[in-house]
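> structure26.txt is reproduced below (compact mmCIF, C-alpha atoms).
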```
# COMPACT_ATOMS: atom_id res chain seq x y z
CA MET C 759 35.93 1.80 -51.57
CA ALA C 760 36.53 -0.28 -48.48
CA ILE C 761 39.67 -2.26 -47.89
CA SER C 762 37.66 -5.44 -48.52
CA ASP C 763 37.15 -4.21 -52.08
CA VAL C 764 40.88 -3.66 -52.39
CA LYS C 765 41.53 -7.28 -51.47
CA GLU C 766 38.99 -8.33 -54.07
CA TYR C 767 40.37 -6.43 -57.04
CA ALA C 768 43.98 -7.05 -56.06
CA HIS C 769 43.39 -10.82 -55.94
CA LEU C 770 45.01 -10.95 -52.54
CA THR C 771 44.08 -13.69 -50.14
CA PRO C 772 44.06 -12.94 -46.40
CA GLU C 773 47.35 -14.81 -46.27
CA ASP C 774 48.80 -12.53 -48.96
CA VAL C 775 47.77 -9.43 -47.01
CA GLU C 776 49.33 -10.70 -43.81
CA ALA C 777 52.48 -11.71 -45.72
CA ILE C 778 52.74 -8.13 -46.96
CA GLY C 779 52.44 -6.93 -43.37
CA ALA C 780 55.15 -9.32 -42.23
CA GLU C 781 57.54 -8.18 -44.96
CA LEU C 782 56.97 -4.54 -44.08
CA ASP C 783 57.45 -5.28 -40.38
CA ALA C 784 60.78 -6.86 -41.28
CA ILE C 785 61.82 -3.70 -43.14
CA ARG C 786 60.95 -1.65 -40.06
CA ARG C 787 63.02 -3.86 -37.79
CA GLU C 788 65.98 -3.66 -40.16
CA ILE C 789 65.94 0.15 -40.20
CA GLU C 790 65.39 0.48 -36.46
CA SER C 791 68.30 -1.82 -35.70
CA SER C 792 70.66 0.06 -38.02
CA ARG C 793 69.96 3.67 -36.92
CA GLY C 794 73.08 5.30 -35.63
CA VAL C 795 75.81 7.90 -36.01
CA ARG C 796 75.28 8.42 -39.73
CA ASP C 797 71.60 9.27 -39.23
CA ALA C 798 72.28 11.56 -36.27
CA LYS C 799 74.94 13.39 -38.27
CA TYR C 800 72.48 13.84 -41.12
CA ILE C 801 69.76 15.59 -39.13
CA ARG C 802 72.24 17.79 -37.26
CA ASN C 803 73.82 18.86 -40.55
CA VAL C 804 70.37 19.67 -41.93
CA ILE C 805 69.60 21.84 -38.89
CA ARG C 806 72.92 23.67 -39.31
CA LEU C 807 72.20 24.24 -43.00
CA GLN C 808 68.72 25.54 -42.28
CA ARG C 809 69.91 27.95 -39.64
CA GLY C 810 72.71 29.15 -41.87
CA LEU C 811 70.26 29.88 -44.69
CA GLU C 812 67.92 31.74 -42.35
CA ILE C 813 70.67 33.86 -40.82
CA SER C 814 72.03 34.66 -44.29
CA GLY C 815 68.58 35.57 -45.56
CA ARG C 816 67.86 37.80 -42.57
CA GLY C 817 71.24 39.46 -43.00
CA VAL C 818 70.83 40.13 -46.72
CA LEU C 819 67.48 41.79 -46.07
CA PHE C 820 69.22 44.65 -44.27
CA ALA C 821 69.87 45.77 -47.84
CA SER C 822 66.38 44.88 -49.07
CA LEU C 823 65.91 48.40 -50.47
CA PHE C 824 67.98 47.12 -53.40
CA PRO C 825 66.12 44.63 -55.66
CA PRO C 826 68.98 42.07 -55.95
CA ALA C 827 69.24 41.88 -52.16
CA TRP C 828 65.45 41.61 -51.87
CA PHE C 829 65.29 38.65 -54.25
CA ALA C 830 68.30 37.00 -52.62
CA GLY C 831 66.73 37.41 -49.20
CA VAL C 832 63.44 35.90 -50.38
CA ALA C 833 65.27 32.93 -51.94
CA LEU C 834 67.41 32.25 -48.87
CA LEU C 835 64.61 32.76 -46.35
CA GLY C 836 62.10 30.81 -48.44
CA ALA C 837 64.50 27.86 -48.67
CA ALA C 838 65.16 28.02 -44.93
CA LYS C 839 61.44 27.98 -44.15
CA ILE C 840 60.81 25.06 -46.53
CA ILE C 841 63.61 22.99 -44.99
CA GLU C 842 62.50 23.82 -41.45
CA ASN C 843 58.90 22.86 -42.11
CA MET C 844 59.44 19.86 -44.38
CA GLU C 845 62.67 18.06 -43.56
CA ILE C 846 63.03 19.16 -39.96
CA GLY C 847 59.76 20.19 -38.27
CA HIS C 848 57.42 17.71 -39.94
CA ASN C 849 59.80 14.80 -39.45
CA VAL C 850 60.96 15.71 -35.95
CA MET C 851 57.34 15.97 -34.76
CA HIS C 852 56.69 12.52 -36.21
CA GLY C 853 59.22 11.20 -33.71
CA GLN C 854 61.71 10.19 -36.39
CA TRP C 855 64.63 11.31 -34.25
CA ASP C 856 63.32 10.53 -30.76
CA TRP C 857 65.62 7.50 -30.59
CA MET C 858 68.58 9.93 -30.27
CA ASN C 859 67.23 11.14 -26.88
CA ASP C 860 68.30 14.67 -27.80
CA PRO C 861 65.81 17.13 -26.22
CA GLU C 862 66.58 19.74 -28.89
CA ILE C 863 65.16 17.57 -31.67
CA HIS C 864 62.61 15.52 -29.77
CA SER C 865 59.00 15.37 -30.96
CA SER C 866 57.71 16.53 -27.59
CA ASN C 867 59.73 19.78 -27.71
CA TRP C 868 59.90 21.02 -31.30
CA GLU C 869 57.82 24.09 -32.21
CA TRP C 870 58.05 24.77 -35.91
CA ASP C 871 58.22 28.00 -37.92
CA ASN C 872 54.57 27.84 -38.94
CA ALA C 873 51.31 29.50 -37.92
CA GLY C 874 49.88 26.17 -36.76
CA PRO C 875 50.69 25.07 -33.19
CA SER C 876 52.70 21.86 -33.20
CA GLU C 877 50.49 20.54 -30.39
CA HIS C 878 47.45 20.64 -32.67
CA TRP C 879 49.29 19.41 -35.75
CA LYS C 880 50.42 16.26 -33.96
CA ILE C 881 46.75 15.40 -33.41
CA THR C 882 45.27 16.26 -36.82
CA HIS C 883 48.25 14.95 -38.78
CA ASN C 884 50.24 12.40 -36.78
CA PHE C 885 47.22 10.66 -35.35
CA LEU C 886 44.08 11.29 -37.42
CA HIS C 887 45.61 11.55 -40.89
CA HIS C 888 48.17 8.78 -40.56
CA LYS C 889 45.87 6.35 -38.77
CA TYR C 890 42.86 6.96 -41.02
CA THR C 891 44.65 7.82 -44.26
CA ASN C 892 42.17 8.74 -47.01
CA VAL C 893 39.17 7.41 -45.08
CA LEU C 894 36.20 9.67 -45.77
CA GLY C 895 34.71 11.16 -42.65
CA MET C 896 37.76 10.31 -40.54
CA ASP C 897 40.74 11.91 -42.31
CA ASP C 898 40.30 15.70 -42.47
CA ASP C 899 43.20 15.94 -44.91
CA ILE C 900 40.81 14.73 -47.63
CA GLY C 901 40.12 18.16 -49.05
CA TYR C 902 40.87 19.89 -45.72
CA GLY C 903 37.15 20.44 -45.20
CA LEU C 904 37.24 22.81 -48.17
CA LEU C 905 37.70 20.76 -51.35
CA ARG C 906 35.88 17.86 -52.97
CA VAL C 907 38.54 15.43 -54.20
CA THR C 908 36.53 12.23 -54.65
CA ARG C 909 33.08 11.46 -56.01
CA ASP C 910 32.30 9.71 -52.75
CA GLN C 911 31.93 13.21 -51.25
CA ARG C 912 28.40 14.54 -51.72
CA TRP C 913 28.37 17.57 -54.01
CA SER C 914 26.96 20.94 -52.92
CA PRO C 915 26.96 24.35 -54.67
CA PHE C 916 29.77 25.42 -52.32
CA TYR C 917 32.21 23.28 -54.32
CA LEU C 918 31.72 25.36 -57.48
CA GLY C 919 34.27 27.78 -56.06
CA GLN C 920 36.90 25.24 -55.12
CA PRO C 921 39.43 26.20 -57.83
CA ALA C 922 39.51 29.65 -56.21
CA TYR C 923 39.54 28.15 -52.72
CA ASN C 924 42.54 26.02 -53.60
CA LEU C 925 44.42 28.98 -55.04
CA LEU C 926 43.97 30.84 -51.76
CA LEU C 927 44.75 27.72 -49.75
CA GLN C 928 48.09 27.18 -51.46
CA MET C 929 49.15 30.81 -50.96
CA PHE C 930 48.20 30.88 -47.27
CA PHE C 931 48.59 27.20 -46.50
CA GLU C 932 50.13 27.70 -43.06
CA TYR C 933 46.92 29.40 -41.90
CA GLY C 934 44.86 26.52 -43.27
CA VAL C 935 47.05 24.22 -41.18
CA ALA C 936 46.62 26.52 -38.18
CA ILE C 937 42.81 26.44 -38.15
CA GLN C 938 42.37 22.83 -39.30
CA HIS C 939 42.32 21.49 -35.75
CA LEU C 940 39.54 23.93 -34.80
CA GLU C 941 37.14 22.37 -37.34
CA LEU C 942 35.32 25.68 -37.73
CA GLY C 943 32.81 24.29 -40.21
CA LYS C 944 31.65 21.65 -37.74
CA VAL C 945 31.76 24.04 -34.79
CA ALA C 946 29.40 26.44 -36.59
CA LYS C 947 26.76 23.69 -36.60
CA LYS C 948 27.12 22.93 -32.91
CA LYS C 949 24.85 24.44 -30.28
CA TRP C 950 27.18 24.26 -27.32
CA ALA C 951 25.97 25.97 -24.18
CA PRO C 952 28.28 28.65 -22.74
CA GLY C 953 30.58 27.05 -20.21
CA SER C 954 30.10 23.52 -21.54
CA PRO C 955 33.23 21.32 -21.66
CA GLU C 956 33.12 21.26 -25.47
CA ARG C 957 32.85 25.04 -25.69
CA LEU C 958 35.64 25.58 -23.17
CA GLN C 959 37.95 23.20 -25.06
CA PHE C 960 37.25 24.96 -28.35
CA GLU C 961 37.97 28.35 -26.79
CA ALA C 962 41.24 27.08 -25.33
CA ASP C 963 42.27 25.67 -28.71
CA ARG C 964 41.31 28.92 -30.42
CA ARG C 965 43.42 30.96 -27.99
CA LEU C 966 46.43 28.72 -28.72
CA VAL C 967 45.99 29.17 -32.47
CA LEU C 968 45.63 32.94 -32.20
CA LYS C 969 48.66 33.12 -29.93
CA LYS C 970 50.80 31.16 -32.40
CA ILE C 971 49.58 33.20 -35.37
CA GLY C 972 50.32 36.40 -33.47
CA LYS C 973 53.80 35.19 -32.58
CA GLN C 974 54.60 34.28 -36.19
CA ALA C 975 53.16 37.51 -37.58
CA GLY C 976 54.99 39.60 -34.98
CA LYS C 977 58.30 37.92 -35.82
CA ASP C 978 58.07 38.13 -39.61
CA TYR C 979 56.09 41.32 -40.11
CA LEU C 980 57.17 43.51 -37.20
CA LEU C 981 60.29 42.45 -35.29
CA PHE C 982 62.63 41.54 -38.14
CA PRO C 983 61.48 44.42 -40.39
CA LEU C 984 62.05 46.86 -37.50
CA LEU C 985 65.57 45.49 -37.01
CA THR C 986 66.44 46.45 -40.59
CA GLY C 987 65.55 50.12 -39.96
CA PRO C 988 65.16 52.05 -43.23
CA ALA C 989 64.62 48.76 -45.08
CA PHE C 990 61.51 48.02 -43.00
CA PHE C 991 59.06 47.84 -45.91
CA GLY C 992 61.43 45.85 -48.12
CA THR C 993 62.04 43.32 -45.33
CA LEU C 994 58.34 43.05 -44.54
CA THR C 995 57.42 42.29 -48.17
CA ALA C 996 60.35 39.90 -48.51
CA ASN C 997 59.20 37.98 -45.42
CA LEU C 998 55.69 37.83 -46.84
CA ALA C 999 57.04 36.56 -50.18
CA ALA C 1000 59.20 33.93 -48.45
CA ASN C 1001 56.18 32.67 -46.53
CA VAL C 1002 54.12 32.45 -49.72
CA VAL C 1003 56.95 30.55 -51.44
CA ARG C 1004 57.03 28.09 -48.54
CA ASN C 1005 53.24 27.77 -48.49
CA VAL C 1006 52.89 27.12 -52.23
CA TRP C 1007 55.71 24.57 -52.24
CA THR C 1008 54.39 22.74 -49.17
CA ASN C 1009 50.89 22.66 -50.60
CA ALA C 1010 52.15 21.28 -53.92
CA VAL C 1011 54.20 18.50 -52.31
CA ILE C 1012 51.37 17.43 -50.02
CA PHE C 1013 48.76 17.48 -52.77
CA CYS C 1014 51.04 15.47 -55.07
CA GLY C 1015 51.26 12.80 -52.37
CA HIS C 1016 47.52 12.48 -51.77
CA PHE C 1017 45.33 13.68 -54.64
CA PRO C 1018 46.76 12.63 -58.03
CA ASP C 1019 45.51 9.68 -60.06
CA GLY C 1020 46.16 6.48 -58.18
CA ALA C 1021 45.72 7.77 -54.64
CA GLU C 1022 42.70 5.71 -53.60
CA LYS C 1023 40.02 6.94 -51.19
CA PHE C 1024 38.35 4.65 -48.67
CA THR C 1025 35.16 4.37 -46.64
CA ARG C 1026 34.67 3.80 -42.94
CA ARG C 1027 33.64 0.21 -43.61
CA ASP C 1028 36.15 -2.30 -42.26
CA VAL C 1029 38.56 0.35 -40.93
CA GLU C 1030 37.87 -0.33 -37.28
CA THR C 1031 38.45 -4.07 -37.74
CA GLU C 1032 41.28 -3.99 -40.26
CA THR C 1033 44.43 -5.96 -39.52
CA LYS C 1034 47.96 -4.53 -39.52
CA GLY C 1035 48.45 -5.97 -43.00
CA GLU C 1036 45.28 -4.28 -44.23
CA TRP C 1037 46.40 -1.00 -42.67
CA TYR C 1038 49.70 -1.29 -44.55
CA LEU C 1039 47.82 -2.01 -47.77
CA ARG C 1040 45.62 1.05 -47.35
CA GLN C 1041 48.67 3.26 -46.84
CA MET C 1042 50.28 1.93 -50.02
CA LEU C 1043 47.19 2.39 -52.17
CA GLY C 1044 46.20 5.75 -50.69
CA SER C 1045 49.50 7.53 -51.34
CA ALA C 1046 51.55 8.66 -54.34
CA ASN C 1047 55.26 9.39 -54.79
CA ILE C 1048 57.07 12.17 -56.64
CA SER C 1049 59.94 11.13 -58.87
CA GLY C 1050 63.14 13.17 -58.94
CA GLY C 1051 66.70 13.48 -57.77
CA SER C 1052 68.34 14.14 -54.43
CA LEU C 1053 67.42 17.85 -54.37
CA MET C 1054 63.77 17.07 -55.01
CA HIS C 1055 63.72 14.51 -52.20
CA PHE C 1056 65.49 16.83 -49.77
CA MET C 1057 63.41 19.94 -50.43
CA SER C 1058 60.22 17.93 -50.12
CA GLY C 1059 61.28 16.69 -46.70
CA ASN C 1060 61.50 13.29 -48.38
CA LEU C 1061 57.72 13.39 -48.72
CA SER C 1062 58.43 12.64 -52.36
CA HIS C 1063 58.53 9.12 -50.85
CA GLN C 1064 54.97 9.56 -49.61
CA ILE C 1065 54.13 5.86 -49.86
CA GLU C 1066 57.07 4.89 -47.69
CA HIS C 1067 56.41 7.77 -45.29
CA HIS C 1068 52.85 6.58 -44.78
CA LEU C 1069 54.06 3.05 -44.15
CA PHE C 1070 56.72 4.18 -41.67
CA PRO C 1071 55.96 7.76 -40.52
CA ASP C 1072 58.36 7.55 -37.56
CA LEU C 1073 61.42 6.19 -39.39
CA PRO C 1074 64.19 8.69 -40.32
CA SER C 1075 63.43 10.53 -43.54
CA ASN C 1076 66.94 9.97 -44.92
CA ARG C 1077 66.19 6.23 -45.00
CA LEU C 1078 63.04 6.44 -47.11
CA ARG C 1079 64.90 6.36 -50.42
CA SER C 1080 66.43 2.95 -49.68
CA ILE C 1081 63.13 1.70 -48.24
CA ALA C 1082 61.41 2.72 -51.48
CA VAL C 1083 63.49 0.22 -53.46
CA LYS C 1084 62.19 -2.62 -51.31
CA VAL C 1085 58.59 -1.41 -51.30
CA ARG C 1086 58.58 -1.06 -55.09
CA ALA C 1087 59.90 -4.61 -55.44
CA MET C 1088 57.21 -5.86 -53.07
CA CYS C 1089 54.48 -4.12 -55.09
CA GLU C 1090 55.78 -5.88 -58.20
CA LYS C 1091 55.82 -9.20 -56.37
CA TYR C 1092 52.19 -8.88 -55.28
CA ASP C 1093 51.02 -7.11 -58.44
CA LEU C 1094 50.08 -3.92 -56.60
CA PRO C 1095 50.19 -0.43 -58.11
CA TYR C 1096 53.10 1.80 -57.11
CA THR C 1097 51.93 5.30 -57.96
CA GLU C 1098 54.71 7.72 -58.90
CA GLY C 1099 55.21 10.66 -61.24
CA SER C 1100 57.02 13.96 -61.64
CA LEU C 1101 55.90 16.92 -59.56
CA PRO C 1102 54.45 18.88 -62.54
CA VAL C 1103 52.49 15.85 -63.72
CA GLN C 1104 51.22 14.88 -60.26
CA TYR C 1105 50.28 18.45 -59.40
CA ALA C 1106 48.48 18.93 -62.72
CA LYS C 1107 46.47 15.77 -62.04
CA SER C 1108 45.59 17.04 -58.57
CA TRP C 1109 44.39 20.35 -60.00
CA ARG C 1110 42.43 18.51 -62.71
CA THR C 1111 40.60 16.49 -60.08
CA ILE C 1112 39.88 19.60 -58.00
CA MET C 1113 38.50 21.49 -61.02
CA LYS C 1114 36.43 18.59 -62.37
CA LEU C 1115 34.93 17.62 -59.03
CA SER C 1116 33.77 21.17 -58.43
CA LEU C 1117 30.90 20.10 -60.69
CA PRO C 1118 28.04 17.71 -59.84
CA ASN C 1119 28.53 14.09 -60.88
CA LYS C 1120 25.78 14.37 -63.48
CA TYR C 1121 28.03 16.63 -65.56
CA LEU C 1122 30.90 14.15 -65.50
CA ARG C 1123 30.97 11.33 -68.00
CA HIS C 1124 30.76 7.78 -66.69
CA THR C 1125 33.27 6.37 -69.16
CA THR C 1126 36.67 8.00 -69.62
CA ASP C 1127 36.00 10.41 -66.77
CA ASP C 1128 34.83 7.78 -64.29
CA ALA C 1129 36.70 8.30 -61.02
CA PRO C 1130 39.63 10.20 -62.60
CA GLU C 1131 41.27 10.43 -59.19
CA THR C 1132 42.04 6.69 -59.27
CA LYS C 1133 44.11 5.18 -62.03
CA SER C 1134 43.84 1.56 -60.93
CA GLU C 1135 40.66 1.04 -62.93
CA LYS C 1136 42.49 1.76 -66.18
CA ALA C 1137 45.98 0.58 -65.33
CA PHE C 1138 44.91 -2.77 -63.92
CA GLY C 1139 41.59 -3.47 -65.61
CA GLY C 1140 40.90 -6.57 -67.65
CA VAL C 1141 41.07 -10.28 -67.09
CA ALA C 1142 43.55 -11.68 -64.60
CA THR C 1143 46.29 -13.98 -65.87
CA ILE C 1144 48.54 -16.52 -64.21
CA ASP C 1145 52.24 -15.72 -63.92
CA PRO C 1146 53.97 -18.97 -64.99
CA ALA C 1147 57.04 -18.17 -62.90
CA THR C 1148 55.22 -17.75 -59.59
CA GLY C 1149 51.79 -19.26 -60.17
CA ARG C 1150 50.26 -16.02 -58.79
CA ARG C 1151 47.28 -14.38 -60.44
CA ARG C 1152 48.22 -11.08 -62.00
CA GLY C 1153 46.11 -8.11 -63.03
CA LEU C 1154 43.78 -6.08 -60.81
CA ARG C 1155 40.02 -5.90 -61.20
CA THR C 1156 38.26 -3.14 -59.31
CA ALA C 1157 34.70 -3.57 -58.13
CA LEU C 1158 34.11 0.05 -59.09
CA ASN C 1159 34.23 -0.89 -62.77
CA ASP C 1160 30.76 -2.40 -62.34
CA GLY C 1161 28.55 0.65 -62.83
CA ARG C 1162 25.64 -0.75 -60.84
CA ARG C 1163 27.85 -1.49 -57.82
CA ARG C 1164 29.48 1.91 -58.12
CA ILE C 1165 26.14 3.71 -58.06
CA THR C 1166 24.91 1.67 -55.11
CA ARG C 1167 28.08 2.35 -53.15
CA ARG C 1168 27.93 6.08 -53.85
CA ARG C 1169 24.48 6.22 -52.20
CA GLU C 1170 25.55 4.69 -48.92
CA PRO C 1171 25.03 7.25 -46.13
CA ALA C 1172 28.45 6.47 -44.65
CA LEU C 1173 30.10 7.88 -47.76
CA ALA C 1174 28.50 11.28 -47.64
CA HIS C 1175 29.77 14.33 -45.82
```
Hey, can you dump this file as structure tokens for me?

Amino acid sequence: MAISDVKEYAHLTPEDVEAIGAELDAIRREIESSRGVRDAKYIRNVIRLQRGLEISGRGVLFASLFPPAWFAGVALLGAAKIIENMEIGHNVMHGQWDWMNDPEIHSSNWEWDNAGPSEHWKITHNFLHHKYTNVLGMDDDIGYGLLRVTRDQRWSPFYLGQPAYNLLLQMFFEYGVAIQHLELGKVAKKKWAPGSPERLQFEADRRLVLKKIGKQAGKDYLLFPLLTGPAFFGTLTANLAANVVRNVWTNAVIFCGHFPDGAEKFTRRDVETETKGEWYLRQMLGSANISGGSLMHFMSGNLSHQIEHHLFPDLPSNRLRSIAVKVRAMCEKYDLPYTEGSLPVQYAKSWRTIMKLSLPNKYLRHTTDDAPETKSEKAFGGVATIDPATGRRRGLRTALNDGRRRITRRREPALAH
């Protein structure tokens, strides 16, 4: 759907949309004006914790010939890698801590413990994904060029294998991140002449990716195993296991924030002319949160607050929990969905969508199975009512419920990959 459809089914006037934008701008100003010592202490403590876990894990693996030490090393190192990637690397590279003017944790300097070069990630993720969140043809994070996660994507026989593709993707997610910027599928279709600017840029990007992959592989699978001497093989396998643990966890958290029921997908239509309020609205409706306690929020890099992160990607992650209270209240005020669920439930829904959409649309029912990746049709269907307390119309009505309009929209060339 386009954002104009969102305004229709949400019963929001242009004034409502701009009022939402103004309220969210006010939240941003409040957080920016209150950043200080407490926030700086938080991120520095997290970095100390992460480094302590990594040093402990590396140390324990000197005894990795013994199974208890092997498992302990995997647990410690896996936790260290998760924290570095999620709560530190991801958030530092978003510029969440640039206001501290500390070169050690500035977005321009941080290189994370991941096979993907931070330079590339800041383009594919910080810019493309966050600017064009869930816009087909513009946000490569919709299926990562590998998976069909909405019926607006044209089906091909390739997608029959996507349950297997996703299993491999979650195990080796860091390598998927590493090659995402290269857009290998698109490059294979290009006929660039040798020496052309496009070809030279691709080759330079490829060299950077291979260099970073080599550096990571050399560190985890050669240098540190060699340092442990007789425990070389045990350390090597423990490092591999820790990386898989990190990859699976990262994949699960990210998928729970973007692909479960309720995370809407959008078309190119209206994106280039959307207002700031409309951009905010698209972020809210295109994201999903993970419920849980403090440990869940911390180990997810606070991406359990995915809605709030998409609204304010450069605000400190430790503030997202308090921001979420205000955003939830605002969604209630304007009768907007606030998509949230536990990690097992959200991840199961993501997998369900991936498995179902591996099939052509003709094999999917048009009733209970219609657009299973969006819950707004069921949760907010029906006739709108008037709230006597506020006088505001309540109850969403999606244009996609009209089968004829849905079929017409699915055939628009702009929606097909």
> To one decimal place, how far is CA of Ala946 in chain C from CA of Met1113 in chain C in Å?
26.5 Å
> Identify, on the basis of only C-alpha atoms, every residue whose closest approach to Val1003 in chain C does not exceed 9 Å; exclude the query and any residue fewer than 6 positions from it along the same chain; express the result as a compact mmCIF listing (two decimals) with C-alpha atoms, in the frame of the given file.

```
# COMPACT_ATOMS: atom_id res chain seq x y z
CA VAL C 832 63.44 35.90 -50.38
CA ALA C 833 65.27 32.93 -51.94
CA GLY C 836 62.10 30.81 -48.44
CA ALA C 837 64.50 27.86 -48.67
CA LYS C 839 61.44 27.98 -44.15
CA ILE C 840 60.81 25.06 -46.53
CA MET C 929 49.15 30.81 -50.96
```
> Go through C:Pro1102, C:Thr1033, C:Phe1024, C:Leu1078 and flag the residue nearest Thr891 in chain C, using only C-alpha atoms for the distances.
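Closest to Thr891 in chain C, using only C-alpha atoms: C:Phe1024.
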> What is the distance between CA of His939 in chain C and CA of Leu1043 in chain C, in Å to one decimal?
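These two atoms are separated by 25.7 Å.
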> Which residues are near Ile846 in chain C? Cut-off 8 Å, only C-alpha atoms, ignore same chain within fewer than 4 positions. Put them as a ChimeraX atom specification.
/C:801,804-805,841-842,850,1059
> With only C-alpha atoms as the basis for distance, which of C:Asn867, C:Gly1035, C:Leu1101, C:Glu776 is at the shortest distance from Met1054 in chain C?
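Nearest candidate to Met1054 in chain C out of C:Asn867, C:Gly1035, C:Leu1101, C:Glu776: C:Leu1101.
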> In Å to one decimal, how far is CA of Lys977 in chain C from CA of Tyr902 in chain C?
27.0 Å
> With distances taken over only C-alpha atoms, which residue among C:Thr882, C:Ser1075, C:Asn1001, C:Ser1100 lies nearest Ala936 in chain C?
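Distance minimum relative to Ala936 in chain C lands on C:Thr882.
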> Go through C:Thr993, C:Tyr1038, C:His878, C:Gly831 and flag the residue nearest Phe960 in chain C, using all atoms listed in the file for the distances.
C:His878
> With distances taken over all atoms listed in the file, which residue among C:Gly815, C:Tyr1092, C:Phe829, C:Pro988 lies nearest Ile778 in chain C?
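Ranking C:Gly815, C:Tyr1092, C:Phe829, C:Pro988 by distance to Ile778 in chain C, first place goes to C:Tyr1092.
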> Please determine an axis-aligned box that encloses all atoms of range 1007-1022 of chain C listed in the file, with 5 Å added on each side, and express its centre and edge lengths in Å to one decimal as AutoDock Vina command-line options.

```
--center_x 49.2 --center_y 15.1 --center_z -54.6 --size_x 23.0 --size_y 28.9 --size_z 20.9
```
> Which neighbours of Trp828 in chain C fall inside 8 Å, counting only C-alpha atoms, when residues of the same chain fewer than 6 positions from it are skipped, and could you give them as a ChimeraX atom specification?
/C:818-819,821-822,992-993,996
> Calculated over all atoms listed in the file, which of the candidates C:Thr1111, C:Glu1036, C:Leu1073, C:Asn843 has the smallest distance to Glu773 in chain C?
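Nearest candidate to Glu773 in chain C out of C:Thr1111, C:Glu1036, C:Leu1073, C:Asn843: C:Glu1036.
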> Just the residues within 9 Å of Trp1109 in chain C, please, counting all atoms listed in the file, with nothing from its chain fewer than 3 positions along; format it as a PyMOL selection string.
chain C and resi 921+924+1013+1017-1018+1104-1106+1112-1114
> Could you dump the residues just selected with C-alpha atoms as a PDB file, keeping the file's coordinate frame?

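New file selection-v4.pdb:
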```pdb
ATOM      1  CA  PRO C 921      39.430  26.200 -57.830  1.00  0.00           C
ATOM      2  CA  ASN C 924      42.540  26.020 -53.600  1.00  0.00           C
ATOM      3  CA  PHE C1013      48.760  17.480 -52.770  1.00  0.00           C
ATOM      4  CA  PHE C1017      45.330  13.680 -54.640  1.00  0.00           C
ATOM      5  CA  PRO C1018      46.760  12.630 -58.030  1.00  0.00           C
ATOM      6  CA  GLN C1104      51.220  14.880 -60.260  1.00  0.00           C
ATOM      7  CA  TYR C1105      50.280  18.450 -59.400  1.00  0.00           C
ATOM      8  CA  ALA C1106      48.480  18.930 -62.720  1.00  0.00           C
ATOM      9  CA  ILE C1112      39.880  19.600 -58.000  1.00  0.00           C
ATOM     10  CA  MET C1113      38.500  21.490 -61.020  1.00  0.00           C
ATOM     11  CA  LYS C1114      36.430  18.590 -62.370  1.00  0.00           C
TER      12      LYS C1114
END
```
> Applying 9 Å and all atoms listed in the file, which residues near range 870-877 of chain C remain after dropping the ones on its own chain fewer than 6 positions away? List them as a VMD selection string.
chain C and resid 839 842 to 843 846 to 848 851 932 to 939 966 to 975
